[in-house]
Amino acid sequence: MSTTTPPTPAAPAATAPGSVGVVAPQKAVFDAPITLSSGVTLPGFELVYETYGTLNATASNAVLVCHALSGSHHVAGVYADDPKSLGWWDNLVGPGKPLDTDKFFVVGVNNLGGCYGSTGPMSINPATGKPYGADFPVVTVEDWVEAQALLADRLGVRTWAVIVGGSLGGMQALHWTVAHPERVRHALVIASAPQLSAQNIAFNEVARQAILTDPDFHGGHYYEHGVVPVRGLRLARMVGHITYLSDDQMGEKFGREMKNGGELGYNYDAEFQIESYLRYQGDKFTRYFDANTYLITTKALDYFDPARNCGGDLRAALAPAKAGFLVVSFTTDWRFSPERSREIVYALVHNDRDVTYAEVECNFGHDSFLLDDPQYHDVVRAYLDNIAV
Amino acid sequence: MTTTQNQSPHSRPADTAAADPYALAGGFRFDFDVITAWVAEGARVLDLGCGDGSLLKHLGAARRVRGYGVEIAPAQVTACVRNGINVIQTDLERGLAGFEDDFFDHVIMSLSLQTVHHTEQMLREILRVGREAVVSIPNFGYHQNRAAIAAGRMPVSDYLPYQWYDSPNVRFFTIADFEALCDKLGIAVRERRAFAAGQPVADDPNLNADVALYRLGRLNWAV
């Protein structure tokens, strides 16, 4: 769900073995109107994406990587002008890596409503000539999948060999298998859930309220005021970040360690290292992420619930799926716990679907899916190695 | 649990054929033939403690089953994936709560029942989610085991390859004990095959067999 700083910082370069190297984003323009789940129609839209590896002659080796809350199309490699701009899933994607770009043609796409170049709240609303801001419609996982399907058509990909995603990305992979069963051969649903719990929605609501009540939010039209609701977005990220880590991991990394050698300041400065860390993460986030996109994306998370139209019966909801599945969860992930992944697994078993479930012992909470735990990467590699292209 | 990351009580004793008490020369496993004969063509099969998925792979080829394995050891889960076998990583002590009643035609538990604490609950669960069960057990009543006890030491053998202090086994029982429990739980013993050193045993299996395979069903009860 986040792109946090991994505990073991990677020090990669474009020339590092296993790197896809220098990459550049591309843009696909769609002129036809698209009607969203909300009923709102966008006159057209653009998607920014990146590709790694080569699409084979029969287009049978295409892999879609779906991003989570704060991710983007920049999945792997680095940009020529910024050697530190490592893709968010670079440890998984590259030549010889578990998602091997020597075998697969991998596509990363920034979703509709995003803030990394695809049409979203920061884009110009053709009706007003000004940024959409709060007028950008709420989009859903279903809308993202339909937009991704149009991109697939554009790229000449009729059927994805694999669709992979973690967290909110896993929800997109799962939805693909029921919305377009003929277009997905395999889905990797990692650290995900069939729907959010009340606790999940509660955390999202705290994040939204932080943004919505920031005086600089201006009802979502802050661009025209030349400000950004920094305080709200920062708080949203801070509370979110807590939920992506495990208690054990925080204890090990920060404990009660203090910045000033244990001298109590009797004030409200960042005294404990954890306070300092959270403030740093919050500040950093406000420099690259858009508050309106944050609002939209948390709403998409809250709304996702494939069983909703089947009386809450997930088995019935997943009945159309034809893909093979690898479902992965992490033992210390309390945001999207193993129990939630098991719901998906049992619903698939009872539909006679091919499914493998790995419950990985990893100490890093929800963010484990972004790390390179050996069991996790071994099982993903084994699964992907078996797929014929 | 007495398990560690790499050695599971719910998997067959080891990865390698050499350390596998079922393995005979050439990698042939006599229990596969017995189990295959008991499994229907195209059946839904759940293999509890499926190891690297060898049995399910064999049943896939021989009986075209729709199979799922349950396994806890990470290396075995990855091995199943490499073997193209559906596997669910979970701890059998947690039970089979996620599986629906009567979903499987056969539930297999090979040489793992003695590693589970809740024996009665496990057997009931196996016959809740499966119409039939295939359960194999090491026989603690085998004469060599009795001889070891008579000599004052706990038995160590092909099927009981552990020292008492490092064994994943938590329940110690004989063929006679197991059949008495089946009787108590209303479990029908539909077939039994007993073996010693891989050879069939007909005479007094409780004394002469080191392992027994059972085909079990429900006796006068439904789920």
# chains A, B, ... in the order shown; residues from 1 in each chain; ligands from 1
>>> interface_residues(of="chain A", to="chain B", cutoff="8 Å", atoms="only C-alpha atoms", output="list in words")
Arg342, Glu343, Tyr346, His350, Asp352, Asp354, Val355, Thr356, Tyr357, Ala358, Glu359, Val360, Gln375, Asp378, Val379, Ala382, Tyr383 and Asn386 of chain A
>>> select_by_dssp(residues="range 32-164 of chain B", states="alpha helix (DSSP H)", output="ChimeraX atom specification")
/B:32-38,54-63,74-82,119-129,143-150
>>> write_last_selection(atoms="N, CA and C atoms", output="short mmCIF file (atom, residue, chain, number, x, y, z; two decimals), in the first residue's frame")
data_model
loop_
_atom_site.label_atom_id
_atom_site.label_comp_id
_atom_site.auth_asym_id
_atom_site.auth_seq_id
_atom_site.Cartn_x
_atom_site.Cartn_y
_atom_site.Cartn_z
N PHE B 32 1.72 -45.39 -2.73
CA PHE B 32 1.07 -44.71 -3.85
C PHE B 32 0.10 -45.65 -4.56
N ASP B 33 0.51 -46.91 -4.75
CA ASP B 33 -0.33 -47.86 -5.46
C ASP B 33 -1.60 -48.16 -4.68
N VAL B 34 -1.44 -48.34 -3.36
CA VAL B 34 -2.61 -48.61 -2.52
C VAL B 34 -3.58 -47.43 -2.58
N ILE B 35 -3.04 -46.22 -2.41
CA ILE B 35 -3.89 -45.03 -2.39
C ILE B 35 -4.53 -44.82 -3.76
N THR B 36 -3.75 -44.99 -4.82
CA THR B 36 -4.28 -44.80 -6.16
C THR B 36 -5.46 -45.73 -6.42
N ALA B 37 -5.36 -46.95 -5.94
CA ALA B 37 -6.45 -47.90 -6.14
C ALA B 37 -7.72 -47.46 -5.41
N TRP B 38 -7.55 -46.69 -4.35
CA TRP B 38 -8.71 -46.27 -3.54
C TRP B 38 -9.34 -44.96 -4.01
N SER B 54 4.34 -34.92 -4.34
CA SER B 54 4.58 -36.11 -5.18
C SER B 54 3.33 -36.98 -5.34
N LEU B 55 2.64 -37.21 -4.22
CA LEU B 55 1.46 -38.08 -4.29
C LEU B 55 0.38 -37.45 -5.17
N LEU B 56 0.14 -36.15 -4.99
CA LEU B 56 -0.89 -35.49 -5.79
C LEU B 56 -0.49 -35.47 -7.27
N LYS B 57 0.78 -35.33 -7.50
CA LYS B 57 1.25 -35.36 -8.89
C LYS B 57 0.98 -36.74 -9.49
N HIS B 58 1.28 -37.77 -8.69
CA HIS B 58 1.03 -39.15 -9.14
C HIS B 58 -0.47 -39.36 -9.38
N LEU B 59 -1.31 -38.88 -8.46
CA LEU B 59 -2.76 -39.06 -8.61
C LEU B 59 -3.29 -38.24 -9.78
N GLY B 60 -2.65 -37.11 -10.04
CA GLY B 60 -3.04 -36.30 -11.20
C GLY B 60 -2.82 -37.06 -12.49
N ALA B 61 -1.68 -37.74 -12.56
CA ALA B 61 -1.35 -38.48 -13.77
C ALA B 61 -2.18 -39.76 -13.87
N ALA B 62 -2.34 -40.46 -12.74
CA ALA B 62 -2.98 -41.78 -12.77
C ALA B 62 -4.50 -41.71 -12.69
N ARG B 63 -5.03 -40.67 -12.02
CA ARG B 63 -6.48 -40.62 -11.79
C ARG B 63 -7.12 -39.30 -12.22
N PRO B 74 7.86 -24.02 4.44
CA PRO B 74 8.04 -23.15 3.27
C PRO B 74 8.73 -23.84 2.10
N ALA B 75 9.78 -24.62 2.39
CA ALA B 75 10.51 -25.25 1.28
C ALA B 75 9.63 -26.26 0.54
N GLN B 76 8.76 -26.94 1.30
CA GLN B 76 7.86 -27.91 0.67
C GLN B 76 6.79 -27.20 -0.15
N VAL B 77 6.32 -26.05 0.34
CA VAL B 77 5.33 -25.28 -0.42
C VAL B 77 5.92 -24.88 -1.77
N THR B 78 7.13 -24.38 -1.75
CA THR B 78 7.79 -23.99 -3.00
C THR B 78 8.00 -25.21 -3.90
N ALA B 79 8.34 -26.35 -3.28
CA ALA B 79 8.53 -27.58 -4.07
C ALA B 79 7.22 -27.99 -4.75
N CYS B 80 6.10 -27.85 -4.03
CA CYS B 80 4.79 -28.13 -4.64
C CYS B 80 4.56 -27.24 -5.85
N VAL B 81 4.86 -25.95 -5.69
CA VAL B 81 4.65 -25.01 -6.80
C VAL B 81 5.49 -25.45 -8.00
N ARG B 82 6.74 -25.83 -7.73
CA ARG B 82 7.60 -26.31 -8.82
C ARG B 82 7.02 -27.56 -9.47
N THR B 119 -6.37 -35.26 18.02
CA THR B 119 -6.56 -36.41 17.14
C THR B 119 -8.03 -36.61 16.77
N GLU B 120 -8.89 -36.60 17.80
CA GLU B 120 -10.31 -36.85 17.53
C GLU B 120 -10.89 -35.77 16.61
N GLN B 121 -10.56 -34.52 16.94
CA GLN B 121 -11.07 -33.41 16.15
C GLN B 121 -10.55 -33.50 14.71
N MET B 122 -9.29 -33.89 14.58
CA MET B 122 -8.69 -34.00 13.24
C MET B 122 -9.44 -35.05 12.41
N LEU B 123 -9.70 -36.19 13.03
CA LEU B 123 -10.38 -37.26 12.29
C LEU B 123 -11.81 -36.85 11.92
N ARG B 124 -12.47 -36.17 12.84
CA ARG B 124 -13.83 -35.71 12.54
C ARG B 124 -13.81 -34.69 11.41
N GLU B 125 -12.82 -33.79 11.46
CA GLU B 125 -12.70 -32.77 10.41
C GLU B 125 -12.40 -33.40 9.05
N ILE B 126 -11.54 -34.40 9.05
CA ILE B 126 -11.20 -35.07 7.78
C ILE B 126 -12.46 -35.66 7.15
N LEU B 127 -13.30 -36.26 8.01
CA LEU B 127 -14.51 -36.89 7.47
C LEU B 127 -15.70 -35.92 7.42
N ARG B 128 -15.47 -34.69 7.82
CA ARG B 128 -16.46 -33.64 7.55
C ARG B 128 -16.27 -33.09 6.14
N VAL B 129 -15.00 -32.74 5.81
CA VAL B 129 -14.76 -32.12 4.50
C VAL B 129 -14.62 -33.17 3.40
N HIS B 143 6.39 -55.48 16.41
CA HIS B 143 7.17 -56.27 17.38
C HIS B 143 8.55 -55.67 17.65
N GLN B 144 9.16 -55.05 16.64
CA GLN B 144 10.48 -54.45 16.90
C GLN B 144 10.37 -53.28 17.88
N ASN B 145 9.23 -52.54 17.78
CA ASN B 145 9.03 -51.44 18.73
C ASN B 145 8.79 -51.98 20.14
N ARG B 146 8.00 -53.05 20.20
CA ARG B 146 7.76 -53.68 21.51
C ARG B 146 9.08 -54.17 22.11
N ALA B 147 9.93 -54.74 21.23
CA ALA B 147 11.21 -55.26 21.71
C ALA B 147 12.08 -54.13 22.27
N ALA B 148 12.02 -52.98 21.59
CA ALA B 148 12.82 -51.84 22.07
C ALA B 148 12.35 -51.42 23.45
N ILE B 149 11.02 -51.35 23.61
CA ILE B 149 10.46 -50.98 24.92
C ILE B 149 10.83 -52.02 25.97
N ALA B 150 10.69 -53.31 25.56
CA ALA B 150 11.00 -54.39 26.50
C ALA B 150 12.46 -54.31 26.95
#
>>> residues_around(residues="Trp221 in chain B", least_positions_apart="2", cutoff="12 Å", atoms="only C-alpha atoms", output="PyMOL selection string")
chain B and resi 124+127-128+131+185-188+217-219+223
>>> write_last_selection(atoms="C-alpha atoms", output="mmCIF file, in the first residue's frame")
data_model
loop_
_atom_site.group_PDB
_atom_site.id
_atom_site.type_symbol
_atom_site.label_atom_id
_atom_site.label_comp_id
_atom_site.auth_asym_id
_atom_site.auth_seq_id
_atom_site.Cartn_x
_atom_site.Cartn_y
_atom_site.Cartn_z
ATOM 1 C CA ARG B 124 -13.834 -35.705 12.538
ATOM 2 C CA LEU B 127 -14.507 -36.892 7.473
ATOM 3 C CA ARG B 128 -16.463 -33.641 7.555
ATOM 4 C CA ARG B 131 -16.668 -38.269 1.998
ATOM 5 C CA LEU B 185 -15.977 -41.953 16.710
ATOM 6 C CA GLY B 186 -18.342 -43.826 14.397
ATOM 7 C CA ILE B 187 -15.733 -44.112 11.695
ATOM 8 C CA ALA B 188 -16.054 -47.090 9.379
ATOM 9 C CA GLY B 217 -15.772 -43.465 5.948
ATOM 10 C CA ARG B 218 -18.603 -42.243 8.133
ATOM 11 C CA LEU B 219 -20.622 -44.893 9.964
ATOM 12 C CA VAL B 223 -22.329 -33.746 8.125
#
>>> residues_around(residues="Ala317 in chain A", least_positions_apart="2", cutoff="12 Å", atoms="only C-alpha atoms", output="mmCIF file with N, CA, C and O atoms, in the first residue's frame")
data_model
loop_
_atom_site.group_PDB
_atom_site.id
_atom_site.type_symbol
_atom_site.label_atom_id
_atom_site.label_comp_id
_atom_site.auth_asym_id
_atom_site.auth_seq_id
_atom_site.Cartn_x
_atom_site.Cartn_y
_atom_site.Cartn_z
ATOM 1 N N LEU A 174 -7.436 -9.398 -8.758
ATOM 2 C CA LEU A 174 -8.589 -10.249 -8.465
ATOM 3 C C LEU A 174 -9.792 -9.840 -9.320
ATOM 4 O O LEU A 174 -10.480 -10.686 -9.899
ATOM 5 N N HIS A 175 -10.022 -8.534 -9.424
ATOM 6 C CA HIS A 175 -11.173 -8.086 -10.205
ATOM 7 C C HIS A 175 -11.024 -8.430 -11.694
ATOM 8 O O HIS A 175 -12.001 -8.791 -12.358
ATOM 9 N N THR A 177 -9.817 -11.026 -12.936
ATOM 10 C CA THR A 177 -10.129 -12.440 -13.192
ATOM 11 C C THR A 177 -11.626 -12.696 -13.286
ATOM 12 O O THR A 177 -12.040 -13.675 -13.909
ATOM 13 N N VAL A 178 -12.434 -11.831 -12.671
ATOM 14 C CA VAL A 178 -13.881 -12.032 -12.777
ATOM 15 C C VAL A 178 -14.503 -11.118 -13.836
ATOM 16 O O VAL A 178 -15.510 -11.477 -14.449
ATOM 17 N N ALA A 179 -13.888 -9.955 -14.076
ATOM 18 C CA ALA A 179 -14.432 -9.036 -15.082
ATOM 19 C C ALA A 179 -14.064 -9.484 -16.495
ATOM 20 O O ALA A 179 -14.843 -9.320 -17.435
ATOM 21 N N PRO A 194 -10.402 -9.506 0.108
ATOM 22 C CA PRO A 194 -11.579 -9.475 -0.766
ATOM 23 C C PRO A 194 -12.440 -8.238 -0.544
ATOM 24 O O PRO A 194 -13.365 -7.984 -1.311
ATOM 25 N N ASP A 305 -15.514 -4.563 -3.207
ATOM 26 C CA ASP A 305 -16.243 -5.632 -2.521
ATOM 27 C C ASP A 305 -16.957 -6.492 -3.556
ATOM 28 O O ASP A 305 -18.148 -6.358 -3.788
ATOM 29 N N PRO A 306 -16.203 -7.388 -4.202
ATOM 30 C CA PRO A 306 -16.806 -8.164 -5.291
ATOM 31 C C PRO A 306 -18.004 -8.995 -4.847
ATOM 32 O O PRO A 306 -18.863 -9.313 -5.667
ATOM 33 N N ALA A 307 -18.072 -9.346 -3.562
ATOM 34 C CA ALA A 307 -19.188 -10.185 -3.093
ATOM 35 C C ALA A 307 -20.469 -9.378 -2.887
ATOM 36 O O ALA A 307 -21.538 -9.952 -2.665
ATOM 37 N N ARG A 308 -20.346 -8.046 -2.971
ATOM 38 C CA ARG A 308 -21.484 -7.185 -2.657
ATOM 39 C C ARG A 308 -22.701 -7.513 -3.524
ATOM 40 O O ARG A 308 -23.837 -7.523 -3.031
ATOM 41 N N ASN A 309 -22.460 -7.781 -4.799
ATOM 42 C CA ASN A 309 -23.578 -8.073 -5.699
ATOM 43 C C ASN A 309 -23.998 -9.536 -5.666
ATOM 44 O O ASN A 309 -24.838 -9.957 -6.463
ATOM 45 N N CYS A 310 -23.389 -10.300 -4.774
ATOM 46 C CA CYS A 310 -23.751 -11.729 -4.650
ATOM 47 C C CYS A 310 -24.198 -12.030 -3.231
ATOM 48 O O CYS A 310 -23.920 -13.112 -2.695
ATOM 49 N N GLY A 311 -24.822 -11.066 -2.605
ATOM 50 C CA GLY A 311 -25.320 -11.283 -1.252
ATOM 51 C C GLY A 311 -24.222 -11.599 -0.251
ATOM 52 O O GLY A 311 -24.443 -12.311 0.726
ATOM 53 N N GLY A 312 -23.013 -11.098 -0.519
ATOM 54 C CA GLY A 312 -21.912 -11.336 0.409
ATOM 55 C C GLY A 312 -21.219 -12.673 0.201
ATOM 56 O O GLY A 312 -20.329 -13.035 0.959
ATOM 57 N N ASP A 313 -21.618 -13.404 -0.838
ATOM 58 C CA ASP A 313 -21.059 -14.738 -1.082
ATOM 59 C C ASP A 313 -19.843 -14.615 -2.011
ATOM 60 O O ASP A 313 -19.992 -14.487 -3.227
ATOM 61 N N LEU A 314 -18.667 -14.674 -1.404
ATOM 62 C CA LEU A 314 -17.439 -14.489 -2.198
ATOM 63 C C LEU A 314 -17.250 -15.632 -3.190
ATOM 64 O O LEU A 314 -16.776 -15.427 -4.309
ATOM 65 N N ARG A 315 -17.643 -16.827 -2.778
ATOM 66 C CA ARG A 315 -17.516 -17.972 -3.689
ATOM 67 C C ARG A 315 -18.306 -17.711 -4.977
ATOM 68 O O ARG A 315 -17.815 -17.937 -6.071
ATOM 69 N N ALA A 319 -16.914 -17.032 -8.964
ATOM 70 C CA ALA A 319 -17.243 -18.154 -9.853
ATOM 71 C C ALA A 319 -16.824 -17.915 -11.310
ATOM 72 O O ALA A 319 -16.407 -18.862 -11.986
ATOM 73 N N PRO A 320 -16.929 -16.695 -11.838
ATOM 74 C CA PRO A 320 -16.545 -16.514 -13.246
ATOM 75 C C PRO A 320 -15.045 -16.667 -13.508
ATOM 76 O O PRO A 320 -14.647 -16.839 -14.663
ATOM 77 N N ALA A 321 -14.227 -16.586 -12.484
ATOM 78 C CA ALA A 321 -12.774 -16.583 -12.689
ATOM 79 C C ALA A 321 -12.308 -17.888 -13.323
ATOM 80 O O ALA A 321 -12.834 -18.963 -13.027
ATOM 81 N N ILE A 344 -10.106 -15.508 0.251
ATOM 82 C CA ILE A 344 -9.982 -15.588 -1.213
ATOM 83 C C ILE A 344 -9.631 -17.010 -1.614
ATOM 84 O O ILE A 344 -10.222 -17.581 -2.533
ATOM 85 N N ALA A 347 -12.531 -19.494 -1.222
ATOM 86 C CA ALA A 347 -13.554 -19.228 -2.244
ATOM 87 C C ALA A 347 -13.117 -19.785 -3.596
ATOM 88 O O ALA A 347 -13.940 -20.300 -4.360
ATOM 89 N N LEU A 348 -11.837 -19.723 -3.883
ATOM 90 C CA LEU A 348 -11.319 -20.251 -5.155
ATOM 91 C C LEU A 348 -11.307 -21.776 -5.155
ATOM 92 O O LEU A 348 -11.687 -22.415 -6.141
ATOM 93 N N HIS A 350 -13.274 -23.712 -3.559
ATOM 94 C CA HIS A 350 -14.651 -24.199 -3.678
ATOM 95 C C HIS A 350 -15.257 -23.899 -5.038
ATOM 96 O O HIS A 350 -16.377 -24.321 -5.337
ATOM 97 N N ASN A 351 -14.523 -23.158 -5.876
ATOM 98 C CA ASN A 351 -14.899 -23.002 -7.284
ATOM 99 C C ASN A 351 -14.063 -23.917 -8.185
ATOM 100 O O ASN A 351 -14.059 -23.737 -9.412
#
>>> atom_distance(atom1="CA of Phe272 in chain A", atom2="CA of Lys284 in chain A")
18.6 Å
>>> select_by_dssp(residues="range 13-52 of chain A", states="strand (DSSP E)", output="ChimeraX atom specification")
/A:26-30,34-35,41-42,45-52
>>> write_last_selection(atoms="N, CA, C and O atoms", output="mmCIF file, in the first residue's frame")
data_model
loop_
_atom_site.group_PDB
_atom_site.id
_atom_site.type_symbol
_atom_site.label_atom_id
_atom_site.label_comp_id
_atom_site.auth_asym_id
_atom_site.auth_seq_id
_atom_site.Cartn_x
_atom_site.Cartn_y
_atom_site.Cartn_z
ATOM 1 N N GLN A 26 5.808 6.188 -20.985
ATOM 2 C CA GLN A 26 5.106 6.496 -22.235
ATOM 3 C C GLN A 26 3.684 6.907 -21.887
ATOM 4 O O GLN A 26 3.237 6.702 -20.756
ATOM 5 N N LYS A 27 2.998 7.488 -22.880
ATOM 6 C CA LYS A 27 1.637 7.943 -22.625
ATOM 7 C C LYS A 27 0.691 7.402 -23.685
ATOM 8 O O LYS A 27 1.004 7.429 -24.871
ATOM 9 N N ALA A 28 -0.425 6.862 -23.242
ATOM 10 C CA ALA A 28 -1.468 6.411 -24.174
ATOM 11 C C ALA A 28 -2.661 7.355 -24.039
ATOM 12 O O ALA A 28 -3.128 7.603 -22.921
ATOM 13 N N VAL A 29 -3.136 7.894 -25.174
ATOM 14 C CA VAL A 29 -4.253 8.840 -25.161
ATOM 15 C C VAL A 29 -5.502 8.134 -25.679
ATOM 16 O O VAL A 29 -5.469 7.505 -26.744
ATOM 17 N N PHE A 30 -6.566 8.212 -24.908
ATOM 18 C CA PHE A 30 -7.832 7.584 -25.296
ATOM 19 C C PHE A 30 -8.865 8.681 -25.513
ATOM 20 O O PHE A 30 -9.229 9.403 -24.587
ATOM 21 N N ILE A 34 -15.326 7.625 -21.459
ATOM 22 C CA ILE A 34 -15.426 6.451 -20.605
ATOM 23 C C ILE A 34 -16.391 6.755 -19.464
ATOM 24 O O ILE A 34 -16.277 7.795 -18.798
ATOM 25 N N THR A 35 -17.371 5.884 -19.289
ATOM 26 C CA THR A 35 -18.341 6.075 -18.203
ATOM 27 C C THR A 35 -17.890 5.251 -17.004
ATOM 28 O O THR A 35 -17.605 4.059 -17.121
ATOM 29 N N THR A 41 -19.184 10.501 -16.753
ATOM 30 C CA THR A 41 -18.446 10.188 -17.979
ATOM 31 C C THR A 41 -17.290 11.169 -18.148
ATOM 32 O O THR A 41 -17.488 12.386 -18.049
ATOM 33 N N LEU A 42 -16.104 10.605 -18.372
ATOM 34 C CA LEU A 42 -14.967 11.451 -18.736
ATOM 35 C C LEU A 42 -14.905 11.492 -20.261
ATOM 36 O O LEU A 42 -15.066 10.460 -20.919
ATOM 37 N N PHE A 45 -9.271 10.236 -21.790
ATOM 38 C CA PHE A 45 -8.292 10.207 -20.700
ATOM 39 C C PHE A 45 -6.947 9.740 -21.220
ATOM 40 O O PHE A 45 -6.841 9.237 -22.349
ATOM 41 N N GLU A 46 -5.942 9.934 -20.390
ATOM 42 C CA GLU A 46 -4.586 9.505 -20.728
ATOM 43 C C GLU A 46 -4.062 8.593 -19.621
ATOM 44 O O GLU A 46 -4.373 8.799 -18.447
ATOM 45 N N LEU A 47 -3.281 7.600 -20.013
ATOM 46 C CA LEU A 47 -2.609 6.748 -19.038
ATOM 47 C C LEU A 47 -1.107 6.794 -19.290
ATOM 48 O O LEU A 47 -0.662 6.645 -20.429
ATOM 49 N N VAL A 48 -0.359 6.981 -18.218
ATOM 50 C CA VAL A 48 1.095 6.913 -18.309
ATOM 51 C C VAL A 48 1.513 5.500 -17.916
ATOM 52 O O VAL A 48 0.972 4.938 -16.963
ATOM 53 N N TYR A 49 2.439 4.948 -18.683
ATOM 54 C CA TYR A 49 2.846 3.570 -18.396
ATOM 55 C C TYR A 49 4.307 3.370 -18.750
ATOM 56 O O TYR A 49 4.911 4.198 -19.445
ATOM 57 N N GLU A 50 4.858 2.269 -18.260
ATOM 58 C CA GLU A 50 6.215 1.862 -18.632
ATOM 59 C C GLU A 50 6.178 0.399 -19.011
ATOM 60 O O GLU A 50 5.332 -0.360 -18.523
ATOM 61 N N THR A 51 7.094 -0.021 -19.863
ATOM 62 C CA THR A 51 7.196 -1.440 -20.196
ATOM 63 C C THR A 51 8.647 -1.886 -20.065
ATOM 64 O O THR A 51 9.578 -1.091 -20.243
ATOM 65 N N TYR A 52 8.807 -3.162 -19.724
ATOM 66 C CA TYR A 52 10.132 -3.767 -19.559
ATOM 67 C C TYR A 52 10.109 -5.128 -20.242
ATOM 68 O O TYR A 52 9.126 -5.858 -20.131
#
>>> residues_around(residues="Gly262 in chain A", least_positions_apart="5", cutoff="10 Å", atoms="only C-alpha atoms", output="VMD selection string")
chain A and resid 256 to 257 271 to 272
>>> write_last_selection(atoms="C-alpha atoms", output="PDB file, in the first residue's frame")
ATOM      1  CA  ARG A 256      11.905   4.003  22.812  1.00  0.00           C
ATOM      2  CA  GLU A 257      15.106   5.427  21.427  1.00  0.00           C
ATOM      3  CA  GLU A 271      11.892  13.466  20.836  1.00  0.00           C
ATOM      4  CA  PHE A 272      11.383   9.767  20.194  1.00  0.00           C
TER       5      PHE A 272
END
>>> residues_around(residues="His67 in chain A", least_positions_apart="4", cutoff="8 Å", atoms="only C-alpha atoms", output="VMD selection string")
chain A and resid 71 to 73 108 to 111 165 to 166 168 to 169
>>> atom_distance(atom1="CA of Ser85 in chain A", atom2="CA of Tyr294 in chain A")
21.2 Å
